[in-house]
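Asker: My structure is stored as target05.cif, with mmCIF, C-alpha atoms.
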data_start
#
loop_
_atom_site.label_atom_id
_atom_site.label_comp_id
_atom_site.auth_asym_id
_atom_site.auth_seq_id
_atom_site.Cartn_x
_atom_site.Cartn_y
_atom_site.Cartn_z
CA MET A 1 1.15 13.05 -42.18
CA GLY A 2 1.85 13.57 -38.50
CA PHE A 3 -0.87 13.88 -35.88
CA GLU A 4 -0.27 17.61 -35.33
CA GLN A 5 -0.34 18.36 -39.07
CA ARG A 6 -3.84 16.99 -39.61
CA GLN A 7 -6.52 19.55 -40.43
CA ASP A 8 -8.81 18.11 -37.78
CA PHE A 9 -6.05 18.10 -35.14
CA ALA A 10 -7.69 20.67 -32.83
CA ARG A 11 -11.07 18.96 -33.02
CA GLN A 12 -9.61 15.53 -32.29
CA VAL A 13 -7.65 16.83 -29.29
CA ALA A 14 -10.84 18.45 -27.98
CA ASP A 15 -12.73 15.18 -28.42
CA LEU A 16 -9.97 13.27 -26.62
CA ASN A 17 -10.03 15.74 -23.73
CA LYS A 18 -13.81 15.41 -23.44
CA TYR A 19 -13.46 11.66 -23.18
CA GLY A 20 -10.61 12.15 -20.70
CA GLN A 21 -12.88 14.23 -18.45
CA ALA A 22 -15.64 11.64 -18.77
CA LEU A 23 -13.24 8.79 -17.94
CA ASN A 24 -12.15 10.53 -14.74
CA GLN A 25 -15.81 10.65 -13.66
CA CYS A 26 -16.17 6.87 -13.91
CA GLU A 27 -16.88 4.97 -10.69
CA SER A 28 -15.58 1.56 -11.75
CA VAL A 29 -13.01 -0.05 -14.02
CA ASP A 30 -15.87 -1.56 -16.06
CA GLU A 31 -17.16 1.96 -16.78
CA VAL A 32 -13.68 3.07 -17.85
CA VAL A 33 -13.37 0.09 -20.18
CA SER A 34 -16.81 0.62 -21.71
CA LEU A 35 -16.14 4.31 -22.33
CA THR A 36 -12.69 3.59 -23.77
CA LEU A 37 -14.14 1.08 -26.23
CA GLU A 38 -16.75 3.67 -27.23
CA ALA A 39 -14.11 6.38 -27.71
CA VAL A 40 -11.94 4.24 -29.98
CA THR A 41 -14.93 3.09 -32.01
CA ILE A 42 -16.27 6.62 -32.54
CA LEU A 43 -13.09 8.71 -32.78
CA PHE A 44 -11.01 6.28 -34.82
CA GLU A 45 -13.79 4.36 -36.57
CA LEU A 46 -12.17 1.06 -35.58
CA ALA A 47 -14.46 -1.85 -34.83
CA ASP A 48 -11.93 -4.25 -33.26
CA VAL A 49 -10.82 -2.88 -29.87
CA THR A 50 -9.60 -4.67 -26.75
CA VAL A 51 -8.68 -3.26 -23.34
CA VAL A 52 -6.20 -5.26 -21.25
CA GLU A 53 -5.74 -4.50 -17.55
CA VAL A 54 -2.44 -5.06 -15.74
CA ARG A 55 -2.59 -6.04 -12.06
CA ASP A 56 0.44 -7.23 -10.11
CA GLY A 57 2.22 -8.08 -13.33
CA ASP A 58 -0.66 -10.21 -14.70
CA LEU A 59 -2.49 -9.25 -17.90
CA HIS A 60 -6.12 -10.08 -18.55
CA VAL A 61 -8.71 -8.84 -20.99
CA VAL A 62 -11.36 -6.67 -19.34
CA GLY A 63 -13.35 -5.70 -22.41
CA SER A 64 -13.44 -6.09 -26.18
CA THR A 65 -15.61 -5.36 -29.17
CA SER A 66 -14.26 -8.46 -30.89
CA ALA A 67 -16.34 -11.63 -30.83
CA GLU A 68 -13.13 -13.66 -30.80
CA VAL A 69 -11.84 -12.09 -27.56
CA SER A 70 -13.42 -12.93 -24.21
CA ALA A 71 -13.28 -10.86 -21.05
CA GLY A 72 -11.10 -12.52 -18.45
CA GLY A 73 -9.04 -14.29 -21.09
CA ALA A 74 -5.38 -13.96 -21.92
CA PRO A 75 -4.31 -11.18 -24.28
CA GLY A 76 -2.46 -11.75 -27.54
CA GLN A 77 1.27 -11.66 -28.10
CA VAL A 78 1.26 -8.07 -29.39
CA ALA A 79 -0.29 -6.84 -26.14
CA ARG A 80 2.23 -8.82 -24.09
CA ARG A 81 5.09 -7.42 -26.12
CA ALA A 82 3.86 -3.87 -25.57
CA HIS A 83 3.57 -4.52 -21.83
CA GLU A 84 7.02 -6.09 -21.55
CA THR A 85 8.77 -3.31 -23.49
CA GLY A 86 6.65 -0.48 -22.17
CA GLU A 87 6.49 0.90 -25.70
CA THR A 88 3.79 1.21 -28.34
CA VAL A 89 3.89 -1.72 -30.78
CA THR A 90 2.44 -1.79 -34.29
CA VAL A 91 2.74 -4.82 -36.53
CA THR A 92 1.32 -6.10 -39.81
CA GLY A 93 0.90 -9.44 -41.52
CA GLU A 94 0.75 -12.76 -39.68
CA ALA A 95 2.28 -11.26 -36.53
CA ALA A 96 -0.73 -8.92 -36.25
CA GLY A 97 -3.29 -11.65 -35.60
CA ASN A 98 -4.35 -13.69 -32.61
CA ASP A 99 -4.27 -17.45 -32.76
CA ASP A 100 -7.75 -17.52 -34.30
CA ASP A 101 -7.90 -14.42 -36.51
CA GLU A 102 -6.02 -12.86 -39.38
CA SER A 103 -5.84 -9.13 -38.65
CA GLY A 104 -3.96 -7.13 -41.22
CA ALA A 105 -2.50 -4.64 -38.74
CA THR A 106 -2.45 -4.45 -34.94
CA LEU A 107 -1.58 -1.56 -32.63
CA ALA A 108 -0.94 -2.08 -28.91
CA VAL A 109 -0.53 0.96 -26.66
CA PRO A 110 0.66 0.34 -23.07
CA GLU A 111 0.17 2.99 -20.40
CA GLY A 112 1.02 3.27 -16.74
CA ILE A 113 1.42 5.76 -13.94
CA VAL A 114 5.09 6.40 -13.11
CA ASP A 115 6.54 2.85 -12.96
CA GLU A 116 3.23 1.04 -12.46
CA PRO A 117 1.74 -0.52 -15.63
CA ILE A 118 -2.02 -0.03 -15.74
CA CYS A 119 -3.46 -1.09 -19.10
CA VAL A 120 -2.85 -1.90 -22.74
CA ILE A 121 -5.25 -0.80 -25.49
CA VAL A 122 -5.18 -3.01 -28.57
CA VAL A 123 -6.80 -2.13 -31.92
CA ARG A 124 -6.84 -4.20 -35.09
CA SER A 125 -7.55 -3.45 -38.71
CA SER A 126 -8.15 -5.75 -41.67
CA SER A 127 -5.98 -3.43 -43.77
CA PRO A 128 -2.35 -4.57 -44.18
CA VAL A 129 -1.20 -0.94 -43.82
CA GLU A 130 0.65 -0.28 -40.57
CA PHE A 131 -0.96 2.21 -38.19
CA GLY A 132 0.61 5.65 -38.61
CA ASP A 133 1.28 8.58 -36.32
CA GLU A 134 -2.15 10.02 -36.98
CA VAL A 135 -3.62 7.05 -35.05
CA VAL A 136 -0.76 6.16 -32.70
CA ARG A 137 -0.43 9.58 -31.07
CA PRO A 138 -4.12 10.13 -30.21
CA MET A 139 -4.37 6.49 -29.07
CA GLU A 140 -1.51 7.13 -26.65
CA ILE A 141 -3.34 10.19 -25.32
CA LEU A 142 -6.52 8.17 -24.82
CA ALA A 143 -4.55 5.37 -23.13
CA THR A 144 -3.11 7.92 -20.69
CA HIS A 145 -6.61 9.12 -19.80
CA ALA A 146 -7.80 5.53 -19.30
CA ALA A 147 -4.78 4.57 -17.16
CA THR A 148 -5.21 7.64 -14.96
CA ALA A 149 -8.89 6.87 -14.45
CA ILE A 150 -8.19 3.22 -13.53
CA SER A 151 -5.41 4.28 -11.14
CA ASN A 152 -7.73 6.74 -9.40
CA ILE A 153 -10.41 4.07 -9.04
CA ARG A 154 -7.89 1.66 -7.53
CA SER A 155 -6.88 4.34 -5.02
CA ARG A 156 -10.48 4.91 -4.00
CA GLU A 157 -11.03 1.16 -3.66
CA ARG A 158 -7.97 0.82 -1.42
CA LEU A 159 -9.13 3.68 0.75
CA GLU A 160 -12.62 2.21 1.03
CA ARG A 161 -11.17 -1.17 2.00
CA ALA A 162 -9.09 0.58 4.65
CA ARG A 163 -12.21 2.22 6.05
CA GLN A 164 -14.06 -1.08 6.14
CA ASP A 165 -11.07 -2.80 7.73
CA LEU A 166 -10.97 -0.07 10.35
CA GLU A 167 -14.59 -0.73 11.30
CA THR A 168 -13.90 -4.47 11.50
CA ARG A 169 -10.82 -3.84 13.64
CA LYS A 170 -12.83 -1.67 15.99
CA GLU A 171 -15.37 -4.45 16.50
CA MET A 172 -12.62 -7.01 17.16
CA ILE A 173 -10.79 -4.61 19.47
CA GLU A 174 -13.94 -4.03 21.49
CA MET A 175 -14.43 -7.77 21.89
CA TYR A 176 -10.82 -8.46 22.88
CA ASP A 177 -10.77 -5.48 25.21
CA ARG A 178 -13.84 -6.76 27.02
CA LEU A 179 -12.40 -10.29 27.19
CA LEU A 180 -8.98 -9.22 28.43
CA ARG A 181 -9.88 -6.50 30.87
CA HIS A 182 -13.03 -7.95 32.38
CA ASP A 183 -12.85 -11.73 32.12
CA ILE A 184 -9.17 -12.68 32.22
CA GLY A 185 -8.21 -9.56 34.18
CA ASN A 186 -10.73 -10.37 36.91
CA ASP A 187 -9.51 -13.98 37.11
CA LEU A 188 -5.91 -12.80 37.52
CA GLN A 189 -6.91 -10.46 40.32
CA ILE A 190 -8.55 -13.39 42.10
CA ILE A 191 -5.42 -15.52 41.63
CA ALA A 192 -3.18 -12.73 42.94
CA GLY A 193 -5.51 -12.14 45.89
CA PHE A 194 -5.60 -15.79 46.94
CA ALA A 195 -1.84 -16.10 46.42
CA ASP A 196 -1.32 -13.18 48.79
CA ALA A 197 -3.66 -14.76 51.35
CA VAL A 198 -1.86 -18.11 51.12
CA ALA A 199 1.54 -16.39 51.44
CA ARG A 200 0.49 -14.98 54.84
CA THR A 201 -0.41 -18.43 56.18
CA VAL A 202 2.29 -20.67 54.68
CA GLU A 203 5.26 -21.29 56.95
CA ASP A 204 7.28 -23.56 54.65
CA GLU A 205 9.99 -21.44 52.94
CA ARG A 206 9.90 -23.37 49.67
CA ALA A 207 6.10 -23.18 49.46
CA GLY A 208 6.31 -19.46 50.21
CA GLU A 209 8.63 -18.98 47.21
CA TYR A 210 6.18 -20.79 44.95
CA VAL A 211 3.28 -18.70 46.16
CA ALA A 212 5.31 -15.53 45.61
CA LYS A 213 6.05 -16.60 42.02
CA ILE A 214 2.35 -17.24 41.40
CA GLU A 215 1.47 -13.80 42.73
CA ARG A 216 4.20 -12.11 40.68
CA ALA A 217 3.18 -13.90 37.47
CA ALA A 218 -0.48 -12.95 38.02
CA ASN A 219 0.42 -9.30 38.64
CA ASN A 220 2.70 -9.18 35.58
CA SER A 221 -0.01 -10.69 33.39
CA ALA A 222 -2.58 -8.24 34.73
CA ASP A 223 -0.21 -5.35 33.97
CA LEU A 224 0.37 -6.63 30.45
CA ILE A 225 -3.37 -6.97 29.86
CA GLU A 226 -3.87 -3.40 31.00
CA ARG A 227 -1.24 -2.15 28.55
CA VAL A 228 -2.72 -4.18 25.70
CA GLY A 229 -6.15 -2.86 26.62
CA ASP A 230 -4.86 0.72 26.46
CA LEU A 231 -3.38 -0.01 23.03
CA MET A 232 -6.66 -1.48 21.80
CA SER A 233 -8.61 1.49 23.10
CA THR A 234 -6.26 3.78 21.20
CA LEU A 235 -6.81 1.88 17.95
CA GLU A 236 -10.56 1.77 18.53
CA ALA A 237 -10.67 5.56 18.84
CA GLN A 238 -9.06 6.04 15.42
CA ARG A 239 -11.01 8.17 13.00
CA GLU A 240 -11.30 7.53 9.29
CA PRO A 241 -8.23 8.55 7.25
CA GLU A 242 -8.22 12.14 6.04
CA PRO A 243 -5.69 14.33 4.19
CA ARG A 244 -2.76 15.38 6.38
CA ASP A 245 0.42 17.35 5.73
CA LEU A 246 3.41 15.05 6.09
CA ARG A 247 6.31 17.51 6.35
CA PRO A 248 5.41 19.30 9.64
CA LEU A 249 4.44 15.99 11.23
CA LEU A 250 7.82 14.42 10.41
CA GLU A 251 9.74 17.50 11.51
CA ALA A 252 8.03 17.49 14.91
CA THR A 253 8.46 13.74 15.30
CA VAL A 254 12.18 13.82 14.49
CA ASP A 255 12.75 16.70 16.94
CA ASP A 256 10.91 14.88 19.73
CA VAL A 257 12.69 11.54 19.26
CA THR A 258 16.21 12.97 18.85
CA ASP A 259 15.70 15.12 21.98
CA GLN A 260 14.77 11.99 23.90
CA TYR A 261 17.63 9.78 22.66
CA GLU A 262 21.10 11.31 22.50
CA SER A 263 22.48 8.25 20.71
CA LEU A 264 20.07 8.74 17.77
CA SER A 265 20.77 10.93 14.75
CA VAL A 266 18.21 11.39 11.98
CA GLU A 267 19.16 12.62 8.52
CA PHE A 268 16.41 13.91 6.25
CA ASP A 269 15.51 16.77 3.97
CA PRO A 270 12.07 18.19 4.89
CA ASP A 271 11.63 19.40 1.30
CA ASP A 272 11.40 15.75 0.20
CA PHE A 273 8.22 15.34 2.23
CA ASP A 274 6.06 18.23 0.98
CA ASP A 275 3.17 15.84 0.44
CA ARG A 276 -0.27 15.18 1.81
CA VAL A 277 -1.30 11.64 2.75
CA TYR A 278 -4.44 9.96 4.03
CA ALA A 279 -4.00 9.21 7.73
CA GLY A 280 -5.45 9.55 11.21
CA ASP A 281 -4.29 11.61 14.16
CA LEU A 282 -1.84 8.92 15.30
CA LEU A 283 0.33 8.89 12.19
CA ASP A 284 3.17 10.42 14.19
CA SER A 285 3.11 7.33 16.42
CA VAL A 286 3.98 5.18 13.39
CA PHE A 287 7.22 7.07 12.79
CA THR A 288 7.95 7.54 16.50
CA ASN A 289 7.80 3.80 17.13
CA VAL A 290 10.15 2.98 14.24
CA LEU A 291 12.68 5.69 15.15
CA THR A 292 12.54 4.78 18.83
CA ASN A 293 13.17 1.14 17.94
CA ALA A 294 16.37 2.15 16.17
CA ALA A 295 17.59 3.96 19.30
CA VAL A 296 16.54 1.33 21.83
CA HIS A 297 17.49 -1.88 20.01
CA ASN A 298 20.99 -0.88 18.88
CA ASP A 299 24.10 -0.50 21.02
CA GLY A 300 25.91 2.81 20.78
CA GLU A 301 25.17 5.60 18.33
CA VAL A 302 22.85 4.94 15.40
CA THR A 303 21.87 7.07 12.41
CA VAL A 304 18.55 6.82 10.59
CA ALA A 305 18.18 8.22 7.07
CA LEU A 306 14.65 9.25 6.09
CA TYR A 307 13.82 9.14 2.40
CA ALA A 308 10.73 9.42 0.21
CA GLU A 309 9.72 7.39 -2.83
CA ALA A 310 6.64 7.64 -5.04
CA PRO A 311 6.03 4.21 -6.64
CA ALA A 312 2.82 5.66 -8.09
CA PRO A 313 1.10 9.07 -8.07
CA ASP A 314 -1.37 7.84 -5.47
CA ARG A 315 1.17 6.30 -3.10
CA LEU A 316 4.14 7.55 -1.09
CA VAL A 317 6.80 5.51 0.69
CA VAL A 318 8.42 6.98 3.79
CA GLY A 319 11.61 5.00 4.32
CA MET A 320 13.65 4.90 7.54
CA ALA A 321 17.00 3.17 7.01
CA ASP A 322 19.43 2.84 9.93
CA ASP A 323 23.03 1.68 10.26
CA GLY A 324 22.41 -0.50 13.31
CA SER A 325 22.69 -4.24 13.82
CA GLY A 326 19.63 -5.10 11.74
CA ILE A 327 16.58 -7.23 12.38
CA ASP A 328 16.77 -10.50 14.30
CA PRO A 329 16.83 -13.08 11.46
CA GLY A 330 14.82 -15.46 13.63
CA LEU A 331 11.79 -13.16 13.49
CA GLY A 332 11.35 -13.17 9.72
CA GLY A 333 7.97 -11.90 8.59
CA GLU A 334 6.55 -12.11 12.12
CA ILE A 335 8.20 -8.88 13.24
CA PHE A 336 4.95 -6.93 12.80
CA GLU A 337 2.84 -9.43 14.75
CA MET A 338 1.52 -8.24 18.11
CA GLY A 339 3.69 -9.47 20.98
CA VAL A 340 6.55 -10.77 18.79
CA LYS A 341 10.01 -9.60 19.84
CA GLY A 342 13.63 -10.62 19.55
CA ALA A 343 15.29 -12.98 21.99
CA ASP A 344 17.33 -10.16 23.57
CA SER A 345 14.54 -7.57 23.55
CA GLU A 346 13.29 -6.22 26.85
CA GLY A 347 10.21 -4.60 25.28
CA THR A 348 6.65 -5.85 25.05
CA GLY A 349 6.77 -6.68 21.35
CA PHE A 350 3.73 -4.51 20.65
CA GLY A 351 5.48 -1.46 19.15
CA LEU A 352 5.81 -2.72 15.57
CA GLY A 353 2.46 -4.51 15.80
CA PHE A 354 0.99 -1.13 16.68
CA VAL A 355 2.79 0.39 13.66
CA ARG A 356 1.28 -2.18 11.31
CA ALA A 357 -2.23 -1.88 12.76
CA LEU A 358 -2.19 1.91 12.46
CA THR A 359 -0.69 1.96 8.97
CA GLU A 360 -3.17 -0.58 7.63
CA SER A 361 -6.05 1.35 9.19
CA TYR A 362 -4.97 4.26 6.97
CA GLY A 363 -5.02 2.09 3.84
CA GLY A 364 -1.23 1.72 3.82
CA THR A 365 1.34 -1.01 4.38
CA VAL A 366 4.60 -1.40 6.27
CA ALA A 367 7.55 -3.63 5.44
CA VAL A 368 11.18 -4.02 6.45
CA ARG A 369 14.30 -5.00 4.60
CA GLU A 370 18.04 -4.78 5.15
CA SER A 371 19.43 -1.28 4.67
CA ASP A 372 22.45 -0.47 2.52
CA ALA A 373 24.39 0.03 5.76
CA GLY A 374 23.49 -3.45 7.02
CA GLY A 375 20.83 -2.24 9.46
CA ALA A 376 17.06 -2.15 9.15
CA ASP A 377 15.13 -0.26 6.48
CA PHE A 378 11.47 0.24 7.41
CA ARG A 379 9.19 1.32 4.54
CA VAL A 380 5.80 2.83 5.36
CA THR A 381 3.56 3.14 2.29
CA LEU A 382 0.64 5.58 2.54
CA GLU A 383 -2.12 6.74 0.24
CA ARG A 384 -1.08 10.03 -1.35
CA VAL A 385 -3.57 12.86 -1.81
#
What would the structure in this file look like if it were written as structure tokens?
Answerer:
Amino acid sequence: MGFEQRQDFARQVADLNKYGQALNQCESVDEVVSLTLEAVTILFELADVTVVEVRDGDLHVVGSTSAEVSAGGAPGQVARRAHETGETVTVTGEAAGNDDDESGATLAVPEGIVDEPICVIVVRSSSPVEFGDEVVRPMEILATHAATAISNIRSRERLERARQDLETRKEMIEMYDRLLRHDIGNDLQIIAGFADAVARTVEDERAGEYVAKIERAANNSADLIERVGDLMSTLEAQREPEPRDLRPLLEATVDDVTDQYESLSVEFDPDDFDDRVYAGDLLDSVFTNVLTNAAVHNDGEVTVALYAEAPAPDRLVVGMADDGSGIDPGLGGEIFEMGVKGADSEGTGFGLGFVRALTESYGGTVAVRESDAGGADFRVTLERV
């Protein structure tokens, strides 16, 4: 008999929905696991239940009612098979057991959000009869509730880490700002002042050239420190991430940048960006810096294609792929480090470092890869509301 044909179908769906609501109120993954174990035990009257969490492709047991299964341990082959195939697996006989038990039948239900695997729920029975639709279907519904709850908790944890990181960054920025502007900046002013005084008294032409170089280097360093200080002050003033509409922000940013650079064309469909993301009031600077880079660091006309991807319901990727000359291969993964720039670059090297610092302060990430056109493809990942 199918799940929908059961006489108690309506009641069981109602019970599953109640547990679904309760799961979404959980504050931790441990709470989700405990409630899931309870739901399976009560609703299905099954005493052998295991919940397996999937993180970055790794599977580990996070809770079980079985004495033979330990939290933190490796799951059985049936759970791995369900994870690898992405499909519900039910087996009987010897294949149903772990290495140290002899379960008659095992059911493993994997669940994820979009393309991100979240968990696998495994139940075992001593009966050799394979689990039927009347158990499989409601188990899949429960697994969906559990996966959604775990995904939401992960999103909240990422956002909280971003907030804590932002506070730490502010403390570091304040320290560096004080060091650069006051200590080193004052020393450079003294060097430049004495160099100027020496230049007025030195008659030897060669010595005069040396003194002039010292003065110029001191002034250039002081100017750089001032610019870095301004950047740090900007980051320090960042507020905590809050929900923001992405579409109008991108539309305004694209208009501003393309008006400024005639050689730059930007292709994008605003309808693809009808989303809200967690960010601060400088999110537009993230996209402005990347688009400006495409215009400044490529010879001739360049086109940037903006695209959106949703690797998970709680995350959104804003991609910016250009058809320019690409990233300097000598930079590698250092391109987002403060002050790092290509050999032929005339910039300060702080633009992309600024992009990374801002994006991470919003709980996001930024990466770059080669575009399909052979240029650069910058991918800014943000928390989605």
Asker: Let me make sure I understand: among A:Ser155, A:Asn17, A:Thr65, A:Asn24, which one has the smallest atom-to-atom distance to Glu38 (chain A) if we use only C-alpha atoms?
Answerer: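 Of A:Ser155, A:Asn17, A:Thr65, A:Asn24, the one nearest Glu38 (chain A), counting only C-alpha atoms, is A:Thr65.
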Asker: Kindly give the distance, in Å, that separates CA of Val51 (chain A) and CA of Ser66 (chain A), rounded to a single decimal.
Answerer: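 One can read the CA of Val51 (chain A) to CA of Ser66 (chain A) distance as 10.7 Å.
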Asker: So which one's closest to Gly76 (chain A), A:Thr50, A:Ser151, A:Gln12, A:Ser127? Using only C-alpha atoms, please.
Answerer: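 Using only C-alpha atoms, the shortest distance to Gly76 (chain A) belongs to A:Thr50.
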Asker: How would you write, as an MDAnalysis selection string, the residues chosen by the PyMOL selection byres ((chain A and resi 204-220) around 8) on this structure?
Answerer: chainID A and resid 188:189 191:193 195:196 198:199 202:203 221:224
Asker: What does the structure give for the distance between CA of Ser28 (chain A) and CA of Val62 (chain A), in Å to one decimal?
Answerer: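 Atom-to-atom, CA of Ser28 (chain A) and CA of Val62 (chain A) are spaced 12.0 Å apart.
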Asker: Between CA of Ala47 (chain A) and CA of Val69 (chain A), what is the spacing in Å?
Answerer: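 For CA of Val69 (chain A) relative to CA of Ala47 (chain A), the distance reads 12.8 Å.
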Asker: Of the residues A:Val380, A:Val52, A:Val304, A:Val257, which is the one nearest to Asp30 (chain A), using all atoms listed in the file?
Answerer: A:Val52
Asker: Let me know the residues the PyMOL selection byres ((chain A and resi 46) around 12) catches in the file above, as a list in words.
Answerer: Leu37, Glu38, Ala39, Val40, Thr41, Ile42, Leu43, Phe44, Glu45, Ala47, Asp48, Val49, Thr50, Ser64, Thr65, Ser66, Ala105, Thr106, Leu107, Val122, Val123, Arg124, Ser125, Ser126, Ser127, Phe131, Val135 and Met139 of chain A
Asker: Any idea what's packed within 9 Å of region 19-21 of chain A, counting all atoms listed in the file, ignoring anything in its chain fewer than 4 positions away? Could you give it as a list in words?
Answerer: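 With the cut-off at 9 Å, the set is Ala14, Asp15, Gln25, Leu35, Thr36, Ala39, Ile141, Leu142, Thr144, His145, Ala146 and Ala149 of chain A.
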Asker: List the residues matched by the PyMOL selection byres ((chain A and resi 326) around 9) in the displayed structure as a tab-separated table (two decimals) with C-alpha atoms, in the frame of the given file, ordered by chain and then by residue number.
Answerer:
chain	number	residue	atom	x	y	z
A	298	ASN	CA	20.99	-0.88	18.88
A	322	ASP	CA	19.43	2.84	9.93
A	323	ASP	CA	23.03	1.68	10.26
A	324	GLY	CA	22.41	-0.50	13.31
A	325	SER	CA	22.69	-4.24	13.82
A	327	ILE	CA	16.58	-7.23	12.38
A	328	ASP	CA	16.77	-10.50	14.30
A	329	PRO	CA	16.83	-13.08	11.46
A	369	ARG	CA	14.30	-5.00	4.60
A	370	GLU	CA	18.04	-4.78	5.15
A	371	SER	CA	19.43	-1.28	4.67
A	374	GLY	CA	23.49	-3.45	7.02
A	375	GLY	CA	20.83	-2.24	9.46
A	376	ALA	CA	17.06	-2.15	9.15
A	377	ASP	CA	15.13	-0.26	6.48
Asker: For Arg356 (chain A), find every residue with an atom within 7 Å (counting only C-alpha atoms), except residues of its own chain fewer than 3 positions away, and show them as a count of residues only.
Answerer: 6
Asker: So, with all atoms listed in the file as the atoms that count, which of A:Leu250, A:Val129, A:Val89, A:Ala279 lies closest to Val318 (chain A)?
Answerer: A:Leu250
